[in-house]
$ cat start_35.txt   # compact mmCIF, C-alpha atoms and all ligand atoms
# COMPACT_ATOMS: atom_id res chain seq x y z
CA MET A 1031 0.00 0.00 0.00
CA ILE A 1032 1.19 3.52 -0.83
CA ASN A 1033 -0.09 6.32 1.39
CA ILE A 1034 0.99 9.77 0.32
CA VAL A 1035 0.58 13.04 2.15
CA LEU A 1036 0.55 15.70 -0.55
CA PHE A 1037 1.67 18.80 1.24
CA GLY A 1038 2.07 22.48 0.47
CA PRO A 1039 0.47 25.88 0.96
CA PRO A 1040 -2.89 26.79 -0.63
CA GLY A 1041 -2.40 27.16 -4.37
CA SER A 1042 0.71 24.99 -4.50
CA GLY A 1043 -0.97 22.50 -6.85
CA LYS A 1044 -1.91 19.65 -4.53
CA GLY A 1045 -5.32 19.03 -6.09
CA THR A 1046 -3.98 19.26 -9.64
CA GLN A 1047 -1.11 16.88 -9.01
CA ALA A 1048 -3.27 14.46 -6.99
CA GLN A 1049 -5.28 13.82 -10.16
CA PHE A 1050 -2.18 12.59 -12.01
CA LEU A 1051 -0.94 10.53 -9.09
CA ILE A 1052 -4.24 8.73 -8.52
CA GLU A 1053 -4.34 7.62 -12.13
CA LYS A 1054 -0.73 6.61 -12.39
CA PHE A 1055 -0.63 4.57 -9.17
CA ASN A 1056 -4.31 3.62 -8.71
CA LEU A 1057 -4.75 5.60 -5.52
CA LYS A 1058 -7.76 7.24 -3.92
CA GLN A 1059 -7.58 10.96 -3.23
CA ILE A 1060 -8.99 12.24 0.01
CA SER A 1061 -9.25 16.02 -0.13
CA THR A 1062 -10.62 17.36 3.13
CA GLY A 1063 -11.23 20.73 1.42
CA ASP A 1064 -13.35 19.00 -1.27
CA LEU A 1065 -15.26 17.09 1.41
CA PHE A 1066 -16.04 20.33 3.22
CA ARG A 1067 -17.15 21.96 -0.03
CA PHE A 1068 -19.40 18.99 -0.81
CA ASN A 1069 -21.02 19.38 2.62
CA MET A 1070 -21.36 23.15 2.16
CA LYS A 1071 -23.03 22.64 -1.21
CA ASN A 1072 -25.50 20.22 0.34
CA ASP A 1073 -25.97 22.50 3.33
CA THR A 1074 -25.37 19.77 5.89
CA ALA A 1075 -24.71 20.57 9.55
CA LEU A 1076 -21.03 19.80 8.95
CA GLY A 1077 -21.06 22.10 5.91
CA GLN A 1078 -22.58 24.97 7.87
CA LEU A 1079 -20.01 24.59 10.62
CA ALA A 1080 -17.11 24.37 8.16
CA LYS A 1081 -18.35 27.39 6.21
CA SER A 1082 -18.01 29.64 9.24
CA TYR A 1083 -14.26 28.94 9.21
CA ILE A 1084 -13.57 28.48 5.51
CA ASP A 1085 -15.14 31.80 4.53
CA LYS A 1086 -12.66 33.55 6.79
CA GLY A 1087 -9.70 31.55 5.55
CA GLU A 1088 -9.34 29.83 8.91
CA LEU A 1089 -8.86 26.17 9.72
CA VAL A 1090 -11.82 24.09 10.86
CA PRO A 1091 -11.25 22.64 14.37
CA ASP A 1092 -9.08 19.52 14.35
CA GLN A 1093 -11.59 17.03 15.70
CA VAL A 1094 -14.25 17.96 13.14
CA THR A 1095 -11.82 17.43 10.28
CA ILE A 1096 -10.35 14.26 11.76
CA ASP A 1097 -13.79 12.65 12.22
CA MET A 1098 -14.73 13.49 8.64
CA LEU A 1099 -11.47 11.99 7.39
CA ILE A 1100 -12.00 8.75 9.33
CA ASP A 1101 -15.49 8.33 7.83
CA GLU A 1102 -14.07 8.77 4.32
CA LEU A 1103 -11.15 6.43 4.91
CA LYS A 1104 -13.46 3.65 6.07
CA LYS A 1105 -15.37 3.57 2.77
CA PRO A 1106 -14.54 0.48 0.73
CA THR A 1107 -12.21 1.00 -2.22
CA ASP A 1108 -10.11 -1.12 -4.55
CA ALA A 1109 -7.39 1.54 -4.72
CA GLN A 1110 -3.78 0.61 -3.91
CA GLY A 1111 -3.46 3.38 -1.38
CA PHE A 1112 -4.41 6.95 -0.57
CA ILE A 1113 -3.40 10.50 -1.30
CA PHE A 1114 -4.14 12.87 1.52
CA ASP A 1115 -4.64 16.27 -0.07
CA GLY A 1116 -4.89 19.20 2.34
CA PHE A 1117 -4.65 16.99 5.41
CA PRO A 1118 -2.89 17.01 7.85
CA ARG A 1119 -2.81 20.77 8.37
CA THR A 1120 -1.79 20.86 12.03
CA ALA A 1121 0.53 18.92 14.33
CA ALA A 1122 -2.53 17.38 16.04
CA GLN A 1123 -3.90 16.20 12.67
CA THR A 1124 -0.51 14.72 11.82
CA GLU A 1125 -0.42 12.71 15.01
CA ALA A 1126 -4.01 11.61 14.53
CA LEU A 1127 -3.36 10.51 10.96
CA GLU A 1128 -0.48 8.33 12.05
CA LYS A 1129 -2.81 6.35 14.32
CA ILE A 1130 -5.75 6.38 11.93
CA VAL A 1131 -3.89 4.80 9.01
CA ILE A 1132 -2.59 2.02 11.24
CA ASP A 1133 -6.04 1.40 12.76
CA VAL A 1134 -8.05 1.59 9.55
CA LEU A 1135 -5.59 0.53 6.84
CA GLN A 1136 -3.00 -1.40 8.83
CA ALA A 1137 -0.38 0.57 6.89
CA PRO A 1138 1.76 3.64 7.63
CA ILE A 1139 2.16 6.93 5.77
CA SER A 1140 4.77 6.18 3.10
CA VAL A 1141 5.95 9.68 2.28
CA CYS A 1142 5.12 13.37 2.53
CA LEU A 1143 5.60 15.07 -0.84
CA SER A 1144 5.85 18.82 -0.37
CA LEU A 1145 5.24 21.28 -3.19
CA ILE A 1146 7.31 24.43 -2.81
CA VAL A 1147 5.87 27.65 -4.24
CA GLU A 1148 6.62 31.20 -3.15
CA ASP A 1149 3.84 33.32 -1.60
CA LYS A 1150 3.60 35.87 -4.41
CA ILE A 1151 2.85 33.11 -6.93
CA LEU A 1152 0.35 31.48 -4.55
CA VAL A 1153 -1.68 34.69 -4.33
CA GLU A 1154 -1.63 35.10 -8.11
CA ARG A 1155 -2.72 31.51 -8.68
CA LEU A 1156 -5.53 31.63 -6.11
CA LEU A 1157 -6.93 34.92 -7.43
CA LYS A 1158 -6.82 33.46 -10.93
CA ARG A 1159 -8.54 30.26 -9.79
CA GLY A 1160 -11.14 32.41 -8.02
CA GLU A 1161 -12.27 33.78 -11.39
CA THR A 1162 -13.75 30.37 -12.22
CA SER A 1163 -13.75 28.18 -9.09
CA GLY A 1164 -16.76 29.80 -7.44
CA ARG A 1165 -14.89 29.35 -4.17
CA THR A 1166 -15.64 32.16 -1.73
CA ASP A 1167 -12.21 31.69 -0.17
CA ASP A 1168 -10.46 32.28 -3.51
CA SER A 1169 -12.38 35.45 -4.24
CA ASN A 1170 -10.58 38.11 -2.27
CA GLU A 1171 -7.04 38.91 -1.35
CA GLU A 1172 -7.74 39.35 2.35
CA ILE A 1173 -9.10 35.81 2.75
CA ILE A 1174 -6.27 34.44 0.64
CA SER A 1175 -3.63 36.12 2.75
CA ASN A 1176 -5.33 34.79 5.88
CA ARG A 1177 -5.14 31.27 4.45
CA ILE A 1178 -1.43 31.73 3.84
CA LYS A 1179 -1.04 33.12 7.35
CA GLU A 1180 -2.79 30.04 8.78
CA TYR A 1181 -0.43 27.92 6.72
CA TYR A 1182 2.65 29.48 8.32
CA SER A 1183 1.28 29.60 11.85
CA LYS A 1184 -0.32 26.14 12.02
CA THR A 1185 0.52 24.00 9.00
CA ALA A 1186 4.20 24.58 8.24
CA GLU A 1187 5.20 22.60 11.35
CA VAL A 1188 3.68 19.46 9.79
CA ALA A 1189 6.75 19.40 7.53
CA GLU A 1190 9.04 19.25 10.56
CA LEU A 1191 7.22 16.20 11.89
CA TYR A 1192 7.66 14.28 8.63
CA LYS A 1193 11.29 15.45 8.36
CA LYS A 1194 11.97 13.90 11.76
CA GLN A 1195 10.58 10.62 10.48
CA GLY A 1196 12.73 10.78 7.34
CA LYS A 1197 9.59 10.84 5.18
CA TYR A 1198 9.74 14.39 3.86
CA VAL A 1199 10.58 15.22 0.23
CA GLU A 1200 10.44 18.69 -1.32
CA ILE A 1201 9.53 19.26 -4.95
CA ASN A 1202 9.64 22.55 -6.80
CA GLY A 1203 5.99 23.36 -7.46
CA VAL A 1204 6.68 26.04 -10.06
CA GLY A 1205 7.00 25.07 -13.72
CA GLU A 1206 5.13 23.01 -16.26
CA ILE A 1207 2.41 20.88 -14.66
CA GLU A 1208 3.68 17.77 -16.41
CA GLU A 1209 7.26 18.35 -15.38
CA ILE A 1210 6.15 18.57 -11.75
CA SER A 1211 4.10 15.36 -12.12
CA GLN A 1212 7.14 13.53 -13.44
CA LYS A 1213 9.16 14.56 -10.41
CA LEU A 1214 6.37 13.37 -8.12
CA PHE A 1215 6.10 10.06 -10.02
CA ALA A 1216 9.84 9.50 -9.57
CA GLU A 1217 9.52 9.98 -5.82
CA VAL A 1218 6.63 7.53 -5.60
CA GLU A 1219 8.56 4.96 -7.65
CA LYS A 1220 11.30 5.09 -4.99
CA ILE A 1221 8.94 3.99 -2.24
CA LYS A 1222 6.91 1.44 -4.24
O1 LIG B 1301 -7.42 22.09 1.07
P1 LIG B 1301 -8.23 23.26 0.62
O2 LIG B 1301 -7.39 24.44 0.25
O3 LIG B 1301 -9.23 22.91 -0.40
O4 LIG B 1301 -9.06 23.71 1.90
C1 LIG B 1301 -9.95 24.80 1.85
C2 LIG B 1301 -10.28 25.25 3.25
O5 LIG B 1301 -10.86 24.18 4.00
C3 LIG B 1301 -9.10 25.69 4.09
O6 LIG B 1301 -8.71 27.02 3.82
C4 LIG B 1301 -9.66 25.54 5.48
O7 LIG B 1301 -10.55 26.59 5.80
C5 LIG B 1301 -10.46 24.26 5.35
N1 LIG B 1301 -9.65 23.09 5.72
C6 LIG B 1301 -9.36 22.88 7.07
N2 LIG B 1301 -8.60 21.82 7.45
C7 LIG B 1301 -8.12 20.94 6.55
C8 LIG B 1301 -8.39 21.14 5.17
C9 LIG B 1301 -9.17 22.23 4.80
O8 LIG B 1301 -9.77 23.66 7.91
N3 LIG B 1301 -7.38 19.91 6.95
MG MG B 1302 -6.95 21.74 -3.11
$ encode --input "start_35.txt" --output "structure tokens" --more "lines below"
Ligand code: C5P
Ligand code: MG
Amino acid sequence: MINIVLFGPPGSGKGTQAQFLIEKFNLKQISTGDLFRFNMKNDTALGQLAKSYIDKGELVPDQVTIDMLIDELKKPTDAQGFIFDGFPRTAAQTEALEKIVIDVLQAPISVCLSLIVEDKILVERLLKRGETSGRTDDSNEEIISNRIKEYYSKTAEVAELYKKQGKYVEINGVGEIEEISQKLFAEVEKIK
């Protein structure tokens, strides 16, 4: 089983690259952001709660996100492993994920692939995506900069935890999409 944490700030290309990785290696993508958006669209209680954070560019409380992730992970699949896209985003989520994958999948996290993109480019990409994504949190610069602020204050430390475990690999997230995919593929081949 291959279990990949696809890591990086908002706008670094996690969702885009996850699509290529799932096809190439027969993996299932779990995007906690997508799951929240699905719940917001369907106006569920979880969606309403998440919206109050997401619309401000803040993180949803850990336990809410963790419970949602566990439910998704327990669904039957014939995939060869998982890509965690946008999760973990805090140290507490990282610790929880370590236990969850062992409990539910009887397999560890294989690697954390980290897409490196500078802030200026992130803001440009997110504003551009906001023109078509319909995402409220992509639509204005203030929310975007709050998301990046949350990344540095709460999420960046996730990288340190995977570094300590020797599972952390950085990839330049700027360039041709296909070129970046190839670099990611090469890293996955190493752990297969
Ligand atoms: O991953 P994505 O950028 O799609 O997430 C969108 C928003 O969902 C985040 O800005 C945050 O408000 C919320 N989120 C969260 N915790 C996660 C993933 C997403 O709070 N682990
Ligand atoms: Mg995404």
$ residues_around --input "start_35.txt" --residues "A:Met1031" --least-positions-apart "3" --cutoff "7 Å" --atoms "only C-alpha atoms" --output "count of residues only"
3
$ atom_distance --input "start_35.txt" --atom1 "atom CA of A:Lys1193" --atom2 "atom CA of A:Cys1142"
8.7 Å
$ residues_near_ligand --input "start_35.txt" --ligand "ligand LIG 1301 (chain B)" --cutoff "6 Å" --atoms "all atoms listed in the file" --output "ChimeraX atom specification"
/A:1040,1062-1064,1083-1084,1087-1090,1116-1119,1177
$ closest_residue --input "start_35.txt" --among "A:Asp1073, A:Lys1086, A:Glu1102, A:Glu1206" --to "A:Ile1173" --atoms "all atoms listed in the file"
A:Lys1086
$ atom_distance --input "start_35.txt" --atom1 "atom CA of A:Ile1139" --atom2 "atom CA of A:Lys1222"
12.4 Å
$ closest_residue --input "start_35.txt" --among "A:Leu1103, A:Asp1092, A:Gln1049, A:Pro1138" --to "A:Ala1121" --atoms "all atoms listed in the file"
A:Asp1092
$ atom_distance --input "start_35.txt" --atom1 "atom CA of A:Asp1167" --atom2 "atom CA of A:Asp1085"
5.5 Å
$ closest_atom_pairs --input "start_35.txt" --of "chain A" --to "ligand MG 1302 (chain B)" --cutoff "10 Å" --atoms "all atoms listed in the file" --output "JSON lines"
{"residue": "A:Leu1036", "atom": "CA", "partner": "B:MG1302", "partner_atom": "MG", "distance": 10.0}
{"residue": "A:Gly1038", "atom": "CA", "partner": "B:MG1302", "partner_atom": "MG", "distance": 9.7}
{"residue": "A:Pro1039", "atom": "CA", "partner": "B:MG1302", "partner_atom": "MG", "distance": 9.4}
{"residue": "A:Pro1040", "atom": "CA", "partner": "B:MG1302", "partner_atom": "MG", "distance": 6.9}
{"residue": "A:Gly1041", "atom": "CA", "partner": "B:MG1302", "partner_atom": "MG", "distance": 7.2}
{"residue": "A:Ser1042", "atom": "CA", "partner": "B:MG1302", "partner_atom": "MG", "distance": 8.4}
{"residue": "A:Gly1043", "atom": "CA", "partner": "B:MG1302", "partner_atom": "MG", "distance": 7.1}
{"residue": "A:Lys1044", "atom": "CA", "partner": "B:MG1302", "partner_atom": "MG", "distance": 5.6}
{"residue": "A:Gly1045", "atom": "CA", "partner": "B:MG1302", "partner_atom": "MG", "distance": 4.3}
{"residue": "A:Thr1046", "atom": "CA", "partner": "B:MG1302", "partner_atom": "MG", "distance": 7.6}
{"residue": "A:Gln1047", "atom": "CA", "partner": "B:MG1302", "partner_atom": "MG", "distance": 9.6}
{"residue": "A:Ala1048", "atom": "CA", "partner": "B:MG1302", "partner_atom": "MG", "distance": 9.0}
{"residue": "A:Ser1061", "atom": "CA", "partner": "B:MG1302", "partner_atom": "MG", "distance": 6.8}
{"residue": "A:Thr1062", "atom": "CA", "partner": "B:MG1302", "partner_atom": "MG", "distance": 8.5}
{"residue": "A:Gly1063", "atom": "CA", "partner": "B:MG1302", "partner_atom": "MG", "distance": 6.3}
{"residue": "A:Asp1064", "atom": "CA", "partner": "B:MG1302", "partner_atom": "MG", "distance": 7.2}
{"residue": "A:Asp1115", "atom": "CA", "partner": "B:MG1302", "partner_atom": "MG", "distance": 6.7}
{"residue": "A:Gly1116", "atom": "CA", "partner": "B:MG1302", "partner_atom": "MG", "distance": 6.4}
$ closest_residue --input "start_35.txt" --among "A:Leu1057, A:Ile1113, A:Val1147, A:Thr1120" --to "A:Glu1180" --atoms "all atoms listed in the file"
A:Thr1120
$ closest_residue --input "start_35.txt" --among "A:Ala1189, A:Ile1207, A:Leu1051, A:Leu1156" --to "A:Ser1175" --atoms "all atoms listed in the file"
A:Leu1156
$ residues_around --input "start_35.txt" --residues "A:Arg1159" --least-positions-apart "6" --cutoff "10 Å" --atoms "all atoms listed in the file" --output "list in words"
Gly1041, Val1153, Arg1165, Asp1168 and Ser1169 of chain A
$ residues_near_point --input "start_35.txt" --point "(-16.4, 18.9, 15.0)" --cutoff "12 Å" --atoms "only C-alpha atoms" --output "list in words"
Phe1066, Ala1075, Leu1076, Gly1077, Gln1078, Leu1079, Ala1080, Tyr1083, Leu1089, Val1090, Pro1091, Asp1092, Gln1093, Val1094, Thr1095, Ile1096, Asp1097, Met1098 and Leu1099 of chain A
$ closest_residue --input "start_35.txt" --among "A:Leu1145, A:Leu1065, A:Val1218, A:Ile1100" --to "A:Leu1127" --atoms "all atoms listed in the file"
A:Ile1100
$ closest_residue --input "start_35.txt" --among "A:Lys1105, A:Lys1184, A:Lys1150, A:Lys1158" --to "A:Val1204" --atoms "only C-alpha atoms"
A:Lys1150
$ axis_aligned_box --input "start_35.txt" --around "stretch 1042-1053 of chain A" --padding-each-side "5 Å" --output "lines of an AutoDock Vina configuration file"
center_x = -2.3
center_y = 16.3
center_z = -8.3
size_x = 16.0
size_y = 27.4
size_z = 17.6
$ residues_around --input "start_35.txt" --residues "A:Val1199" --least-positions-apart "6" --cutoff "8 Å" --atoms "only C-alpha atoms" --output "ChimeraX atom specification"
/A:1141-1144
